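Here's coords_8.txt, which has compact mmCIF, C-alpha atoms:
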# COMPACT_ATOMS: atom_id res chain seq x y z
CA MET A 1 64.25 139.64 154.52
CA LYS A 2 63.16 137.03 157.01
CA ALA A 3 63.29 137.88 160.70
CA ASP A 4 65.29 134.74 161.43
CA PHE A 5 67.97 136.09 159.10
CA VAL A 6 68.12 139.54 160.71
CA ASN A 7 67.74 138.53 164.35
CA PRO A 8 71.23 137.00 164.73
CA PHE A 9 72.76 140.36 163.74
CA ILE A 10 70.59 142.23 166.24
CA SER A 11 71.37 139.85 169.07
CA GLY A 12 75.06 140.06 168.09
CA LEU A 13 75.02 143.85 168.44
CA LEU A 14 73.12 143.81 171.74
CA ASN A 15 75.35 141.08 173.23
CA VAL A 16 78.62 142.64 172.13
CA LEU A 17 77.81 146.07 173.60
CA GLU A 18 76.36 144.58 176.78
CA THR A 19 79.37 142.32 177.35
CA MET A 20 82.18 144.62 176.23
CA ALA A 21 80.87 148.01 177.32
CA GLN A 22 78.00 147.41 179.79
CA THR A 23 75.81 149.35 177.38
CA THR A 24 72.18 148.37 176.83
CA LEU A 25 70.74 149.43 173.49
CA THR A 26 67.01 149.67 172.87
CA PRO A 27 65.90 148.74 169.34
CA GLY A 28 63.66 151.22 167.49
CA LYS A 29 61.36 150.67 164.53
CA PRO A 30 63.06 149.07 161.48
CA LYS A 31 63.03 150.96 158.16
CA LYS A 32 62.90 149.27 154.83
CA LYS A 33 62.70 152.07 152.28
CA GLN A 34 65.50 152.22 149.72
CA SER A 35 65.75 155.97 150.23
CA ASP A 36 66.31 155.82 153.97
CA VAL A 37 69.88 156.55 155.01
CA ALA A 38 71.56 156.37 158.37
CA LYS A 39 73.72 159.33 159.34
CA GLY A 40 76.46 159.06 161.89
CA ASP A 41 80.04 159.94 162.74
CA VAL A 42 81.85 156.60 162.73
CA SER A 43 80.81 153.40 160.95
CA GLY A 44 82.09 149.87 160.70
CA LEU A 45 81.39 148.00 157.46
CA ILE A 46 81.87 144.40 156.49
CA GLY A 47 81.22 142.42 153.33
CA MET A 48 79.67 138.95 153.26
CA VAL A 49 80.17 136.40 150.49
CA GLY A 50 78.72 132.91 150.29
CA PRO A 51 77.26 130.51 147.78
CA GLU A 52 73.73 131.83 148.35
CA VAL A 53 74.46 135.06 150.20
CA ARG A 54 76.17 138.25 149.03
CA GLY A 55 75.76 141.42 151.01
CA SER A 56 77.07 144.04 153.38
CA LEU A 57 76.57 145.11 156.97
CA SER A 58 77.20 148.48 158.55
CA ILE A 59 77.00 149.73 162.10
CA THR A 60 76.99 153.51 162.44
CA PHE A 61 77.51 155.33 165.76
CA ASP A 62 77.04 158.90 166.89
CA GLU A 63 80.34 160.31 168.12
CA SER A 64 79.01 160.55 171.69
CA LEU A 65 78.04 156.88 171.77
CA ALA A 66 81.33 155.70 170.23
CA LEU A 67 83.32 157.71 172.80
CA THR A 68 81.18 156.38 175.65
CA ILE A 69 81.65 152.76 174.51
CA MET A 70 85.41 153.36 174.40
CA GLU A 71 85.33 154.97 177.84
CA ARG A 72 83.42 152.02 179.31
CA MET A 73 85.81 149.54 177.69
CA VAL A 74 89.15 151.11 178.56
CA GLY A 75 88.33 153.45 181.46
CA GLU A 76 89.26 156.68 179.71
CA ARG A 77 87.22 158.82 177.33
CA PRO A 78 89.05 159.69 174.10
CA THR A 79 88.83 163.34 173.05
CA SER A 80 88.05 162.50 169.44
CA LEU A 81 87.31 159.66 166.99
CA ASP A 82 90.95 158.58 166.86
CA ALA A 83 92.61 155.43 165.51
CA GLU A 84 91.86 153.50 168.71
CA VAL A 85 88.15 154.24 168.42
CA ALA A 86 88.30 153.11 164.77
CA ASP A 87 89.94 149.84 165.83
CA MET A 88 87.25 149.33 168.49
CA VAL A 89 84.46 149.95 165.95
CA GLY A 90 86.15 147.51 163.54
CA GLU A 91 86.33 144.89 166.27
CA ILE A 92 82.66 145.37 167.22
CA THR A 93 81.67 145.07 163.54
CA ASN A 94 83.64 141.83 163.26
CA MET A 95 82.02 140.43 166.39
CA ILE A 96 78.44 141.29 165.34
CA CYS A 97 78.98 139.64 161.97
CA GLY A 98 80.85 136.65 163.45
CA ASN A 99 77.99 136.09 165.90
CA ALA A 100 75.42 136.11 163.07
CA LYS A 101 77.62 133.94 160.85
CA ARG A 102 77.69 131.19 163.50
CA ASP A 103 73.94 131.33 164.08
CA LEU A 104 73.11 131.39 160.38
CA ALA A 105 75.51 128.54 159.55
CA GLU A 106 73.44 126.39 161.92
CA LYS A 107 70.37 127.29 159.84
CA GLY A 108 72.13 126.35 156.59
CA TYR A 109 73.18 129.83 155.41
CA GLU A 110 76.94 129.80 154.93
CA PHE A 111 78.99 132.89 154.14
CA GLY A 112 82.53 134.16 154.50
CA MET A 113 83.32 137.53 156.08
CA ALA A 114 85.63 140.10 154.51
CA THR A 115 87.86 142.24 156.73
CA PRO A 116 86.07 145.22 158.35
CA VAL A 117 86.53 148.81 157.20
CA VAL A 118 85.91 151.80 159.46
CA VAL A 119 84.79 155.21 158.18
CA SER A 120 85.16 158.36 160.30
CA GLY A 121 83.65 161.69 159.37
CA LYS A 122 80.99 164.00 160.78
CA GLN A 123 77.50 163.06 159.63
CA HIS A 124 78.47 160.78 156.78
CA THR A 125 75.86 158.64 155.06
CA ILE A 126 76.14 155.08 153.85
CA SER A 127 74.54 153.61 150.76
CA HIS A 128 74.56 149.83 150.39
CA GLN A 129 74.60 148.93 146.71
CA VAL A 130 72.42 145.85 146.59
CA ASP A 131 69.43 144.90 144.46
CA GLY A 132 67.80 142.89 147.24
CA PRO A 133 66.34 143.86 150.60
CA LYS A 134 67.84 146.59 152.79
CA ILE A 135 66.99 146.94 156.41
CA ILE A 136 67.96 149.82 158.72
CA LEU A 137 67.58 149.20 162.44
CA PRO A 138 67.87 152.18 164.78
CA PHE A 139 69.05 151.69 168.36
CA ILE A 140 69.17 154.16 171.21
CA CYS A 141 70.69 154.38 174.65
CA ASP A 142 71.64 157.00 177.24
CA ALA A 143 74.83 157.89 175.33
CA GLY A 144 73.41 158.29 171.83
CA GLN A 145 72.22 156.50 168.72
CA ALA A 146 73.42 153.64 166.54
CA HIS A 147 72.11 152.31 163.22
CA LEU A 148 72.60 148.76 162.02
CA GLU A 149 72.11 148.12 158.30
CA ILE A 150 71.98 144.69 156.73
CA CYS A 151 71.65 144.39 152.98
CA PHE A 152 71.69 141.51 150.52
CA ASP A 153 71.58 140.89 146.82
CA GLN A 154 68.57 139.01 145.48
CA MET B 1 102.10 142.90 148.74
CA LYS B 2 103.41 141.76 145.40
CA ALA B 3 103.10 144.13 142.45
CA ASP B 4 101.39 141.46 140.36
CA PHE B 5 98.65 141.39 142.98
CA VAL B 6 98.14 145.16 143.06
CA ASN B 7 98.52 145.92 139.35
CA PRO B 8 95.19 144.38 138.27
CA PHE B 9 93.37 146.79 140.60
CA ILE B 10 95.30 149.78 139.23
CA SER B 11 94.69 148.82 135.61
CA GLY B 12 91.03 148.22 136.51
CA LEU B 13 90.67 151.77 137.86
CA LEU B 14 92.51 153.37 134.93
CA ASN B 15 90.53 151.38 132.34
CA VAL B 16 87.14 151.96 133.94
CA LEU B 17 87.57 155.75 134.15
CA GLU B 18 89.10 155.96 130.68
CA THR B 19 86.31 153.91 129.12
CA MET B 20 83.31 155.18 131.06
CA ALA B 21 84.26 158.82 131.59
CA GLN B 22 87.11 159.65 129.19
CA THR B 23 89.18 160.54 132.24
CA THR B 24 92.89 159.76 132.39
CA LEU B 25 94.28 159.38 135.90
CA THR B 26 98.00 159.68 136.62
CA PRO B 27 99.26 157.41 139.41
CA GLY B 28 101.30 159.01 142.22
CA LYS B 29 103.70 157.43 144.69
CA PRO B 30 102.24 154.49 146.67
CA LYS B 31 102.17 154.72 150.48
CA LYS B 32 102.53 151.75 152.74
CA LYS B 33 102.51 153.16 156.28
CA GLN B 34 99.76 151.90 158.56
CA SER B 35 99.13 155.47 159.76
CA ASP B 36 98.51 156.91 156.31
CA VAL B 37 94.88 157.69 155.62
CA ALA B 38 93.15 158.83 152.48
CA LYS B 39 90.70 161.70 152.89
CA GLY B 40 87.94 162.32 150.41
CA ASP B 41 84.27 163.14 149.96
CA VAL B 42 82.79 159.98 148.45
CA SER B 43 84.16 156.44 148.67
CA GLY B 44 83.25 153.04 147.31
CA LEU B 45 84.19 150.03 149.41
CA ILE B 46 84.07 146.34 148.68
CA GLY B 47 84.99 143.23 150.68
CA MET B 48 86.86 140.25 149.24
CA VAL B 49 86.67 136.72 150.59
CA GLY B 50 88.47 133.66 149.26
CA PRO B 51 90.19 130.53 150.50
CA GLU B 52 93.57 132.31 150.66
CA VAL B 53 92.49 135.93 150.38
CA ARG B 54 90.51 138.11 152.80
CA GLY B 55 90.56 141.84 152.44
CA SER B 56 88.96 145.10 151.42
CA LEU B 57 89.27 147.68 148.70
CA SER B 58 88.30 151.34 148.73
CA ILE B 59 88.30 154.03 146.10
CA THR B 60 87.94 157.57 147.46
CA PHE B 61 87.17 160.58 145.28
CA ASP B 62 87.27 164.32 145.84
CA GLU B 63 83.82 165.81 145.29
CA SER B 64 85.04 167.72 142.22
CA LEU B 65 86.36 164.57 140.56
CA ALA B 66 83.23 162.52 141.34
CA LEU B 67 80.99 165.26 139.89
CA THR B 68 83.20 165.53 136.78
CA ILE B 69 83.10 161.77 136.19
CA MET B 70 79.31 161.88 136.48
CA GLU B 71 79.15 164.86 134.09
CA ARG B 72 81.29 163.03 131.53
CA MET B 73 79.20 159.88 131.83
CA VAL B 74 75.70 161.35 131.68
CA GLY B 75 76.24 164.78 130.12
CA GLU B 76 75.04 166.81 133.08
CA ARG B 77 76.92 167.87 136.21
CA PRO B 78 75.08 167.04 139.45
CA THR B 79 74.97 169.86 142.00
CA SER B 80 75.92 167.59 144.90
CA LEU B 81 76.97 164.06 145.86
CA ASP B 82 73.46 162.68 145.44
CA ALA B 83 72.14 159.11 145.21
CA GLU B 84 73.00 158.87 141.51
CA VAL B 85 76.62 159.77 142.18
CA ALA B 86 76.67 157.14 144.95
CA ASP B 87 75.32 154.53 142.51
CA MET B 88 77.99 155.50 139.97
CA VAL B 89 80.76 155.20 142.58
CA GLY B 90 79.37 151.81 143.63
CA GLU B 91 79.37 150.65 140.02
CA ILE B 92 82.97 151.85 139.46
CA THR B 93 84.05 150.05 142.66
CA ASN B 94 82.41 146.86 141.44
CA MET B 95 84.09 147.13 138.04
CA ILE B 96 87.59 147.78 139.45
CA CYS B 97 87.28 144.78 141.73
CA GLY B 98 85.70 142.58 139.05
CA ASN B 99 88.54 143.43 136.67
CA ALA B 100 91.14 142.46 139.27
CA LYS B 101 89.21 139.34 140.25
CA ARG B 102 89.35 138.02 136.67
CA ASP B 103 93.06 138.78 136.30
CA LEU B 104 93.95 137.28 139.67
CA ALA B 105 91.87 134.14 139.10
CA GLU B 106 94.08 133.45 136.07
CA LYS B 107 97.08 133.65 138.40
CA GLY B 108 95.51 131.21 140.85
CA TYR B 109 94.16 133.70 143.42
CA GLU B 110 90.44 133.09 143.78
CA PHE B 111 88.11 135.30 145.79
CA GLY B 112 84.46 136.26 145.95
CA MET B 113 83.30 139.87 145.99
CA ALA B 114 80.79 141.25 148.47
CA THR B 115 78.32 143.93 147.38
CA PRO B 116 79.77 147.47 147.29
CA VAL B 117 79.00 150.12 149.89
CA VAL B 118 79.28 153.86 149.19
CA VAL B 119 80.10 156.44 151.86
CA SER B 120 79.38 160.15 151.34
CA GLY B 121 80.60 162.86 153.68
CA LYS B 122 82.98 165.81 153.49
CA GLN B 123 86.56 164.80 154.18
CA HIS B 124 85.89 161.42 155.71
CA THR B 125 88.72 158.99 156.37
CA ILE B 126 88.83 155.25 155.89
CA SER B 127 90.63 152.72 158.05
CA HIS B 128 90.97 149.19 156.70
CA GLN B 129 91.11 146.76 159.62
CA VAL B 130 93.59 144.16 158.42
CA ASP B 131 96.68 142.68 159.98
CA GLY B 132 98.44 142.27 156.65
CA PRO B 133 99.72 144.75 154.10
CA LYS B 134 97.91 148.00 153.29
CA ILE B 135 98.65 150.00 150.21
CA ILE B 136 97.36 153.49 149.37
CA LEU B 137 97.71 154.61 145.78
CA PRO B 138 97.08 158.27 144.99
CA PHE B 139 95.87 159.29 141.53
CA ILE B 140 95.46 162.73 140.07
CA CYS B 141 93.84 164.30 137.02
CA ASP B 142 92.59 167.69 135.84
CA ALA B 143 89.37 167.34 137.87
CA GLY B 144 90.82 166.29 141.24
CA GLN B 145 92.25 163.43 143.26
CA ALA B 146 91.38 159.82 143.93
CA HIS B 147 92.88 157.29 146.35
CA LEU B 148 92.76 153.55 145.84
CA GLU B 149 93.40 151.38 148.91
CA ILE B 150 93.89 147.64 148.81
CA CYS B 151 94.34 145.76 152.06
CA PHE B 152 94.63 142.11 153.00
CA ASP B 153 94.88 139.93 156.05
CA GLN B 154 98.10 137.95 156.47
How does the structure come out when it is put into structure tokens?
Amino acid sequence: MKADFVNPFISGLLNVLETMAQTTLTPGKPKKKQSDVAKGDVSGLIGMVGPEVRGSLSITFDESLALTIMERMVGERPTSLDAEVADMVGEITNMICGNAKRDLAEKGYEFGMATPVVVSGKQHTISHQVDGPKIILPFICDAGQAHLEICFDQ
Amino acid sequence: MKADFVNPFISGLLNVLETMAQTTLTPGKPKKKQSDVAKGDVSGLIGMVGPEVRGSLSITFDESLALTIMERMVGERPTSLDAEVADMVGEITNMICGNAKRDLAEKGYEFGMATPVVVSGKQHTISHQVDGPKIILPFICDAGQAHLEICFDQ
């Protein structure tokens, strides 16, 4: 996968968390192996469909990071991964993908976004079912870890 | 949501499991409340994007049912929800949605399908982030439970 295809998703994630939750994430080393899986406690997923592009995106947060983002956004720390945290993760997922969609449309890659889905559950894993490239990008900050996965069909 | 929109997904699920795994599911009572959530151990998710349709589908299986389906398909029961089970769940998700897509296209509802994503994790919950109707359909058989969720934006 070309860097100029992945970068708009990364900048989307960094911008959204910086703007909405004053949280600065530091990118780690990308992984490309098919067998690599990201584990986390709450994930937002979104499907992408276009004439030349068909794929899926996920953003997976540790519980501690998701609760901290919520606390920084609304001023109060939830006690668990409740429905409001799920809505917040869905909204962040939508914004990351919307950001990338705009950037990529300018480069000639058009796609439509499905509605986001949020999964909650201790240490779940996500497997994107594509036959093309998969990329897992780890991010870290003071409050915990996040993993962004972007995957496309050939 | 109109029944003629939901029925192609239901018949897709029933047909796929009957044909691929000789497993007959019995539908339970549909739920429509926004607060209802399906819990399960492995889920397939897929996004749908069309000119008039934007939504998401999930099919969530109990571990026992997913392992039984796999056993009936390949002749050997896996010991856990491994990568092969995830691939199988992804394939089933794709087939359910593909079945419905064909039926609905004949009725004038066109949409594209994103690539499926599979989530594994004990008793995870799924929250579809749509502002339109959500429907949860429970299914039961000798080997366990499944929940089909179909959700669309207004």
Could you jot down the CA of Thr125 (chain B) to CA of Lys32 (chain B) separation for me, Å, one decimal place? 16.0 Å
One-decimal distance in Å that lies between CA of Glu106 (chain B) and CA of Glu18 (chain B): 23.7 Å
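Using all atoms listed in the file for every distance, the candidate list A:Asn99, A:Thr115, A:Ser56, A:Gln22 yields A:Thr115 as the residue closest to His128 (chain B).
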Residue nearest Pro51 (chain B) among A:Arg77, A:Phe5, A:Ala38, A:Ala114 (counting all atoms listed in the file):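 Using all atoms listed in the file, Pro51 (chain B) sits closest to A:Ala114.
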Provide as a list in words the residues of chain B at most 7 Å from chain A, counting all atoms listed in the file.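 Every residue of chain B that passes the 7 Å test is in Ile46, Gly47, Met48, Val49, Arg54, Gly55, Ser56, Gly90, Gly112, Met113, Ala114, Thr115, Pro116, Val117, Val118, Val119, Ser120, Gly121, Gln123, His124, Thr125, Ile126, Ser127, His128, Gln129 and Val130 of chain B.
In this structure, CA of Ala143 (chain B) sits 23.7 Å away from CA of Pro8 (chain B).
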Within 12 Å of Thr68 (chain B) using all atoms listed in the file, minus same-chain residues under 3 positions, as a PDB file with C-alpha atoms, in the frame of the given file:
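See result06.pdb below for the written result:
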ATOM      1  CA  LEU B  17      87.570 155.750 134.150  1.00  0.00           C
ATOM      2  CA  MET B  20      83.310 155.180 131.060  1.00  0.00           C
ATOM      3  CA  ALA B  21      84.260 158.820 131.590  1.00  0.00           C
ATOM      4  CA  GLN B  22      87.110 159.650 129.190  1.00  0.00           C
ATOM      5  CA  THR B  23      89.180 160.540 132.240  1.00  0.00           C
ATOM      6  CA  PHE B  61      87.170 160.580 145.280  1.00  0.00           C
ATOM      7  CA  ASP B  62      87.270 164.320 145.840  1.00  0.00           C
ATOM      8  CA  GLU B  63      83.820 165.810 145.290  1.00  0.00           C
ATOM      9  CA  SER B  64      85.040 167.720 142.220  1.00  0.00           C
ATOM     10  CA  LEU B  65      86.360 164.570 140.560  1.00  0.00           C
ATOM     11  CA  GLU B  71      79.150 164.860 134.090  1.00  0.00           C
ATOM     12  CA  ARG B  72      81.290 163.030 131.530  1.00  0.00           C
ATOM     13  CA  MET B  73      79.200 159.880 131.830  1.00  0.00           C
ATOM     14  CA  VAL B  74      75.700 161.350 131.680  1.00  0.00           C
ATOM     15  CA  GLY B  75      76.240 164.780 130.120  1.00  0.00           C
ATOM     16  CA  GLU B  76      75.040 166.810 133.080  1.00  0.00           C
ATOM     17  CA  ARG B  77      76.920 167.870 136.210  1.00  0.00           C
ATOM     18  CA  PRO B  78      75.080 167.040 139.450  1.00  0.00           C
ATOM     19  CA  THR B  79      74.970 169.860 142.000  1.00  0.00           C
ATOM     20  CA  SER B  80      75.920 167.590 144.900  1.00  0.00           C
ATOM     21  CA  LEU B  81      76.970 164.060 145.860  1.00  0.00           C
ATOM     22  CA  VAL B  85      76.620 159.770 142.180  1.00  0.00           C
ATOM     23  CA  MET B  88      77.990 155.500 139.970  1.00  0.00           C
ATOM     24  CA  CYS B 141      93.840 164.300 137.020  1.00  0.00           C
ATOM     25  CA  ASP B 142      92.590 167.690 135.840  1.00  0.00           C
ATOM     26  CA  ALA B 143      89.370 167.340 137.870  1.00  0.00           C
ATOM     27  CA  GLY B 144      90.820 166.290 141.240  1.00  0.00           C
ATOM     28  CA  GLN B 145      92.250 163.430 143.260  1.00  0.00           C
TER      29      GLN B 145
END
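Shortest atom-to-atom contact with Ala146 (chain A) among A:Val6, A:Leu104, A:Ile92, A:Leu25: A:Leu25, counting all atoms listed in the file.
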Shell of 8 Å around Leu148 (chain B), only C-alpha atoms, local chain residues under 6 positions omitted, as a list in words: Leu57, Ser58, Ile59, Thr60, Ile136, Leu137, Pro138 and Phe139 of chain B
Mind working out the centre and edge lengths of an axis-aligned box for region 53-69 of chain A, all listed atoms inside, 6 Å added to each side, rounded to one decimal in Å and written as lines of an AutoDock Vina configuration file?
center_x = 78.9
center_y = 147.8
center_z = 162.3
size_x = 20.9
size_y = 37.5
size_z = 38.6
Mind checking which residues fall within 10 Å of Met95 (chain A), counting all atoms listed in the file, ignoring those fewer than 5 positions away in the same chain, and posting them as a PyMOL selection string? chain A and resi 9+12-13+15-16+89-90+100-101
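Proximity ranking of A:Tyr109, A:Ile140, A:Pro27, A:Asp82 relative to Ser11 (chain A) places A:Pro27 first, based on all atoms listed in the file.
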A:Ile150, A:Lys29, A:Ile69, A:Glu52: which is nearest Ala105 (chain A), counting all atoms listed in the file?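 Counting all atoms listed in the file, the residue closest to Ala105 (chain A) is A:Glu52.
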